[in-house]
Amino acid sequence: MSDSHVHDAVRDKYGAIARSVGKTGCCGPVACGCGDPISANLYSARETQDLPPDAVAASLGCGNPTALLALEPGHTVLDLGSGGGIDVLLSAKRVGPTGKVYGLDMTDEMLALARENQQKAGATNVECLKGTIEATPLPDRSVDVIISTCVSNLSTAKAAVPREAFRVLKPGGRLAVSDVIVRGHVPADVRRSMELWVGCIAGALEEEEYRSKLHAAGFSGVEVEAWRIYPVEDARSFLTASGLDLDRLAPELEGRLASAFIRARRPETCV
């Protein structure tokens with residue numbers, strides 16, 4: 001399974017989801033979204049009540065990164081893999097008219113949907129950018145905060161993602177993301193499944209490996225907090241849909257997958 005195949009599969013899957021928003025009862029094709037145990041119940045009704053319904057429908061994450069830290073008026077925020085724009089719009093409210101929020105996505109259909117939602121929300125402090133999380137189209141030391149949800153695990157270039165995040169953060173800048181992590185060994189069958197790559201599972205990093213890659217990129221104050229640990233039955237529908245024998249794999253998967261909050265900081269003094 002080559003990196004380019006994974007990249008294309010992720011782009012195609014999320015493009016299909018974006019095209020289906022508003023046309024079905026949920027958001028069409030499922031890729032770590034639409035009410036599955038990973039993406040369910042992440043945002044309160046109070047948070048979403050003023051957002052465009054399509055932004056909420058296209059929420060495909062595994063946590064609410066805007067709840068991980070305080071965003072202040074005037075902050076510049078970058079949302080990696082911003083999708084339909086729910087976290088961009090929530091952040092835009094909090095940084096106010098003197099702040100700026102960039103939404104980065106590699107999928108044309110998601111960018112189009114996010115721009116529609118931006119217009120509906122009247123968010124004038126938002127800019128949607130096309131690009132990848134491994135090569136962000138922003139200058140060095142240009143943002144105060146990076147957020148993301150269930151995106152880093154979709155990359156096949158795991159070391160490049162934190163390096164690029166470190167590059168664009170200002171000294172003292174913060175990283176606050178939600179991701180699926182692995183707690184211990186996961187069977188090779190799961191790691192090889194293309195469907196599980198685009199569904200946020202096969203590409204998930206082991207907990208300590210996640211910490212290690214952030215430290216290697218230069219981050220300090222690294223925290224990885226598993227907050228939602230999945231019983232294997234929660235994963236039955238999407239694991240069996242990928243052709244895996246869940247009954248055989250169950251003993252090796254029970255409690256191994258979790259959604260985690262990850263926080264880190266770029267040191268104030270760095271070369």
# chains A, B, ... in the order shown; residues from 1 in each chain; ligands from 1

$ residues_around --residues "Val177 in chain A" --least-positions-apart "5" --cutoff "8 Å" --atoms "only C-alpha atoms" --output "JSON, numbers by chain"
{"A": [65, 68, 146, 147, 148, 149, 261, 262, 263]}

$ write_last_selection --atoms "C-alpha atoms" --output "mmCIF file, in the first residue's frame"
data_model
loop_
_atom_site.group_PDB
_atom_site.id
_atom_site.type_symbol
_atom_site.label_atom_id
_atom_site.label_comp_id
_atom_site.auth_asym_id
_atom_site.auth_seq_id
_atom_site.Cartn_x
_atom_site.Cartn_y
_atom_site.Cartn_z
ATOM 1 C CA PRO A 65 -10.114 20.620 19.642
ATOM 2 C CA LEU A 68 -8.742 21.918 24.591
ATOM 3 C CA ILE A 146 -2.777 24.829 15.712
ATOM 4 C CA ILE A 147 -5.856 22.669 16.102
ATOM 5 C CA SER A 148 -6.901 19.476 14.352
ATOM 6 C CA THR A 149 -9.187 16.512 14.810
ATOM 7 C CA PHE A 261 -6.367 14.875 23.368
ATOM 8 C CA ILE A 262 -2.812 15.880 22.465
ATOM 9 C CA ARG A 263 -1.295 19.136 23.672
#

$ select_by_dssp --residues "range 14-258 of chain A" --states "alpha helix (DSSP H)" --output "ChimeraX atom specification"
/A:14-20,45-48,53-57,86-95,108-121,160-168,188-192,194-198,207-217,236-241,246-253

$ atom_distance --atom1 "CA of Pro139 in chain A" --atom2 "CA of Leu169 in chain A"
9.2 Å

$ select_by_dssp --residues "range 58-249 of chain A" --states "strand (DSSP E)" --output "number ranges by chain"
A: 76-80, 100-105, 126-130, 143-149, 169-182, 205-206, 220-229

$ closest_residue --among "A:Asp140, A:Glu208, A:Glu268, A:Asp105" --to "Arg167 in chain A" --atoms "only C-alpha atoms"
A:Asp140

$ closest_residue --among "A:Asp12, A:Glu225, A:Glu164, A:Glu207" --to "Ala135 in chain A" --atoms "only C-alpha atoms"
A:Glu164

$ closest_residue --among "A:Lys170, A:Pro162, A:Pro251, A:Leu246" --to "Val222 in chain A" --atoms "only C-alpha atoms"
A:Pro162

$ residues_around --residues "Val88 in chain A" --least-positions-apart "2" --cutoff "12 Å" --atoms "only C-alpha atoms" --output "ChimeraX atom specification"
/A:51,55-56,59,64-66,71,76-86,90-95,99-105,111,114-115,117-118,121,123-129,145-149

$ residues_around --residues "Pro267 in chain A" --least-positions-apart "2" --cutoff "9 Å" --atoms "only C-alpha atoms" --output "list in words"
Lys170, Pro171, Gly172, Gly173, Gly218, Phe219, Ser220, Gly221, Arg265, Thr269 and Cys270 of chain A

$ write_last_selection --atoms "N, CA, C and O atoms" --output "PDB file, in the first residue's frame"
ATOM      1  N   LYS A 170       4.461  30.182  16.091  1.00  0.00           N
ATOM      2  CA  LYS A 170       5.333  31.188  16.689  1.00  0.00           C
ATOM      3  C   LYS A 170       5.977  30.597  17.939  1.00  0.00           C
ATOM      4  O   LYS A 170       5.433  29.675  18.555  1.00  0.00           O
ATOM      5  N   PRO A 171       7.143  31.112  18.351  1.00  0.00           N
ATOM      6  CA  PRO A 171       7.690  30.690  19.641  1.00  0.00           C
ATOM      7  C   PRO A 171       6.649  30.898  20.745  1.00  0.00           C
ATOM      8  O   PRO A 171       6.016  31.948  20.831  1.00  0.00           O
ATOM      9  N   GLY A 172       6.452  29.888  21.547  1.00  0.00           N
ATOM     10  CA  GLY A 172       5.409  29.937  22.561  1.00  0.00           C
ATOM     11  C   GLY A 172       4.054  29.477  22.062  1.00  0.00           C
ATOM     12  O   GLY A 172       3.103  29.366  22.841  1.00  0.00           O
ATOM     13  N   GLY A 173       3.941  29.227  20.750  1.00  0.00           N
ATOM     14  CA  GLY A 173       2.679  28.787  20.176  1.00  0.00           C
ATOM     15  C   GLY A 173       2.290  27.396  20.638  1.00  0.00           C
ATOM     16  O   GLY A 173       3.136  26.597  21.058  1.00  0.00           O
ATOM     17  N   GLY A 218      10.649  19.048  18.238  1.00  0.00           N
ATOM     18  CA  GLY A 218      11.056  20.201  19.018  1.00  0.00           C
ATOM     19  C   GLY A 218      10.052  20.664  20.054  1.00  0.00           C
ATOM     20  O   GLY A 218      10.317  21.611  20.801  1.00  0.00           O
ATOM     21  N   PHE A 219       8.902  20.013  20.130  1.00  0.00           N
ATOM     22  CA  PHE A 219       7.865  20.438  21.061  1.00  0.00           C
ATOM     23  C   PHE A 219       8.233  20.109  22.503  1.00  0.00           C
ATOM     24  O   PHE A 219       8.939  19.144  22.786  1.00  0.00           O
ATOM     25  N   SER A 220       7.699  20.919  23.420  1.00  0.00           N
ATOM     26  CA  SER A 220       7.838  20.667  24.843  1.00  0.00           C
ATOM     27  C   SER A 220       6.442  20.576  25.460  1.00  0.00           C
ATOM     28  O   SER A 220       5.440  20.892  24.820  1.00  0.00           O
ATOM     29  N   GLY A 221       6.404  20.159  26.721  1.00  0.00           N
ATOM     30  CA  GLY A 221       5.131  20.068  27.418  1.00  0.00           C
ATOM     31  C   GLY A 221       4.138  19.140  26.751  1.00  0.00           C
ATOM     32  O   GLY A 221       2.929  19.410  26.750  1.00  0.00           O
ATOM     33  N   ARG A 265       3.661  22.463  23.076  1.00  0.00           N
ATOM     34  CA  ARG A 265       3.996  23.873  22.906  1.00  0.00           C
ATOM     35  C   ARG A 265       5.345  24.004  22.206  1.00  0.00           C
ATOM     36  O   ARG A 265       6.267  23.218  22.478  1.00  0.00           O
ATOM     37  N   THR A 269      12.022  30.055  23.398  1.00  0.00           N
ATOM     38  CA  THR A 269      13.356  30.262  22.824  1.00  0.00           C
ATOM     39  C   THR A 269      13.742  29.019  22.056  1.00  0.00           C
ATOM     40  O   THR A 269      13.947  27.958  22.608  1.00  0.00           O
ATOM     41  N   CYS A 270      13.794  29.179  20.741  1.00  0.00           N
ATOM     42  CA  CYS A 270      14.185  28.050  19.900  1.00  0.00           C
ATOM     43  C   CYS A 270      14.893  28.592  18.666  1.00  0.00           C
ATOM     44  O   CYS A 270      14.682  29.711  18.238  1.00  0.00           O
TER      45      CYS A 270
END

$ closest_residue --among "A:Ala159, A:Leu138, A:Ala226, A:Leu257" --to "Ser212 in chain A" --atoms "only C-alpha atoms"
A:Ala159

$ residues_around --residues "Gly255 in chain A" --least-positions-apart "2" --cutoff "8 Å" --atoms "only C-alpha atoms" --output "PyMOL selection string"
chain A and resi 183+229-232+253+257-258

$ atom_distance --atom1 "CA of Arg19 in chain A" --atom2 "CA of Leu113 in chain A"
8.3 Å

$ decode --residues "range 65-80 of chain A" --atoms "all heavy atoms" --output "JSON list (two decimals), in the first residue's frame"
[["chain", "number", "residue", "atom", "x", "y", "z"],
["A", 65, "PRO", "N", -11.39, 19.98, 19.29],
["A", 65, "PRO", "CA", -10.11, 20.62, 19.64],
["A", 65, "PRO", "C", -10.28, 22.04, 20.18],
["A", 65, "PRO", "O", -9.41, 22.52, 20.90],
["A", 65, "PRO", "CB", -9.34, 20.62, 18.32],
["A", 65, "PRO", "CG", -10.39, 20.60, 17.26],
["A", 65, "PRO", "CD", -11.52, 19.77, 17.84],
["A", 66, "THR", "N", -11.39, 22.69, 19.85],
["A", 66, "THR", "CA", -11.59, 24.06, 20.36],
["A", 66, "THR", "C", -11.85, 24.07, 21.86],
["A", 66, "THR", "O", -11.79, 25.13, 22.48],
["A", 66, "THR", "CB", -12.75, 24.75, 19.62],
["A", 66, "THR", "OG1", -13.98, 24.07, 19.91],
["A", 66, "THR", "CG2", -12.52, 24.75, 18.12],
["A", 67, "ALA", "N", -12.14, 22.91, 22.44],
["A", 67, "ALA", "CA", -12.37, 22.83, 23.88],
["A", 67, "ALA", "C", -11.09, 22.52, 24.65],
["A", 67, "ALA", "O", -11.11, 22.46, 25.88],
["A", 67, "ALA", "CB", -13.41, 21.76, 24.18],
["A", 68, "LEU", "N", -9.98, 22.35, 23.95],
["A", 68, "LEU", "CA", -8.74, 21.92, 24.59],
["A", 68, "LEU", "C", -7.92, 23.05, 25.18],
["A", 68, "LEU", "O", -7.02, 22.82, 25.97],
["A", 68, "LEU", "CB", -7.87, 21.16, 23.59],
["A", 68, "LEU", "CG", -8.42, 19.83, 23.07],
["A", 68, "LEU", "CD1", -7.44, 19.19, 22.10],
["A", 68, "LEU", "CD2", -8.76, 18.90, 24.20],
["A", 69, "LEU", "N", -8.20, 24.27, 24.76],
["A", 69, "LEU", "CA", -7.38, 25.39, 25.22],
["A", 69, "LEU", "C", -8.15, 26.68, 25.03],
["A", 69, "LEU", "O", -9.15, 26.75, 24.31],
["A", 69, "LEU", "CB", -6.06, 25.46, 24.46],
["A", 69, "LEU", "CG", -6.05, 26.01, 23.03],
["A", 69, "LEU", "CD1", -4.62, 26.12, 22.53],
["A", 69, "LEU", "CD2", -6.85, 25.18, 22.06],
["A", 70, "ALA", "N", -7.67, 27.73, 25.68],
["A", 70, "ALA", "CA", -8.31, 29.04, 25.57],
["A", 70, "ALA", "C", -7.80, 29.74, 24.31],
["A", 70, "ALA", "O", -6.59, 29.87, 24.10],
["A", 70, "ALA", "CB", -7.99, 29.88, 26.81],
["A", 71, "LEU", "N", -8.73, 30.15, 23.47],
["A", 71, "LEU", "CA", -8.40, 31.00, 22.33],
["A", 71, "LEU", "C", -8.77, 32.43, 22.70],
["A", 71, "LEU", "O", -9.86, 32.68, 23.22],
["A", 71, "LEU", "CB", -9.17, 30.56, 21.08],
["A", 71, "LEU", "CG", -8.84, 29.18, 20.54],
["A", 71, "LEU", "CD1", -9.73, 28.85, 19.35],
["A", 71, "LEU", "CD2", -7.38, 29.10, 20.12],
["A", 72, "GLU", "N", -7.88, 33.34, 22.41],
["A", 72, "GLU", "CA", -8.06, 34.72, 22.84],
["A", 72, "GLU", "C", -8.25, 35.64, 21.65],
["A", 72, "GLU", "O", -7.78, 35.35, 20.53],
["A", 72, "GLU", "CB", -6.85, 35.16, 23.66],
["A", 72, "GLU", "CG", -6.63, 34.32, 24.91],
["A", 72, "GLU", "CD", -5.34, 34.68, 25.63],
["A", 72, "GLU", "OE1", -4.68, 35.66, 25.21],
["A", 72, "GLU", "OE2", -5.00, 33.98, 26.60],
["A", 73, "PRO", "N", -8.94, 36.78, 21.85],
["A", 73, "PRO", "CA", -9.08, 37.76, 20.76],
["A", 73, "PRO", "C", -7.72, 38.14, 20.19],
["A", 73, "PRO", "O", -6.77, 38.38, 20.94],
["A", 73, "PRO", "CB", -9.76, 38.94, 21.46],
["A", 73, "PRO", "CG", -10.51, 38.34, 22.60],
["A", 73, "PRO", "CD", -9.66, 37.19, 23.07],
["A", 74, "GLY", "N", -7.63, 38.16, 18.86],
["A", 74, "GLY", "CA", -6.39, 38.51, 18.19],
["A", 74, "GLY", "C", -5.50, 37.35, 17.84],
["A", 74, "GLY", "O", -4.53, 37.51, 17.09],
["A", 75, "HIS", "N", -5.80, 36.15, 18.34],
["A", 75, "HIS", "CA", -5.00, 34.98, 18.00],
["A", 75, "HIS", "C", -5.14, 34.63, 16.51],
["A", 75, "HIS", "O", -6.19, 34.83, 15.90],
["A", 75, "HIS", "CB", -5.46, 33.76, 18.80],
["A", 75, "HIS", "CG", -4.74, 33.60, 20.10],
["A", 75, "HIS", "ND1", -5.20, 32.81, 21.13],
["A", 75, "HIS", "CD2", -3.56, 34.11, 20.55],
["A", 75, "HIS", "CE1", -4.37, 32.83, 22.14],
["A", 75, "HIS", "NE2", -3.37, 33.62, 21.81],
["A", 76, "THR", "N", -4.06, 34.07, 15.97],
["A", 76, "THR", "CA", -4.09, 33.47, 14.64],
["A", 76, "THR", "C", -4.08, 31.95, 14.82],
["A", 76, "THR", "O", -3.19, 31.39, 15.47],
["A", 76, "THR", "CB", -2.87, 33.89, 13.81],
["A", 76, "THR", "OG1", -2.89, 35.31, 13.64],
["A", 76, "THR", "CG2", -2.90, 33.23, 12.42],
["A", 77, "VAL", "N", -5.11, 31.29, 14.24],
["A", 77, "VAL", "CA", -5.32, 29.86, 14.43],
["A", 77, "VAL", "C", -5.25, 29.15, 13.09],
["A", 77, "VAL", "O", -5.74, 29.65, 12.08],
["A", 77, "VAL", "CB", -6.70, 29.60, 15.09],
["A", 77, "VAL", "CG1", -6.95, 28.10, 15.27],
["A", 77, "VAL", "CG2", -6.80, 30.33, 16.43],
["A", 78, "LEU", "N", -4.65, 27.96, 13.09],
["A", 78, "LEU", "CA", -4.62, 27.10, 11.91],
["A", 78, "LEU", "C", -5.29, 25.79, 12.25],
["A", 78, "LEU", "O", -4.91, 25.11, 13.21],
["A", 78, "LEU", "CB", -3.17, 26.85, 11.48],
["A", 78, "LEU", "CG", -2.95, 25.77, 10.41],
["A", 78, "LEU", "CD1", -3.62, 26.13, 9.10],
["A", 78, "LEU", "CD2", -1.45, 25.53, 10.20],
["A", 79, "ASP", "N", -6.31, 25.43, 11.46],
["A", 79, "ASP", "CA", -7.00, 24.15, 11.62],
["A", 79, "ASP", "C", -6.53, 23.22, 10.52],
["A", 79, "ASP", "O", -6.80, 23.44, 9.34],
["A", 79, "ASP", "CB", -8.51, 24.36, 11.55],
["A", 79, "ASP", "CG", -9.30, 23.06, 11.77],
["A", 79, "ASP", "OD1", -8.68, 22.05, 12.16],
["A", 79, "ASP", "OD2", -10.52, 23.07, 11.53],
["A", 80, "LEU", "N", -5.81, 22.16, 10.90],
["A", 80, "LEU", "CA", -5.28, 21.21, 9.94],
["A", 80, "LEU", "C", -6.36, 20.21, 9.55],
["A", 80, "LEU", "O", -6.94, 19.55, 10.42],
["A", 80, "LEU", "CB", -4.09, 20.46, 10.55],
["A", 80, "LEU", "CG", -2.88, 21.29, 10.97],
["A", 80, "LEU", "CD1", -1.83, 20.38, 11.63],
["A", 80, "LEU", "CD2", -2.28, 22.00, 9.77]]
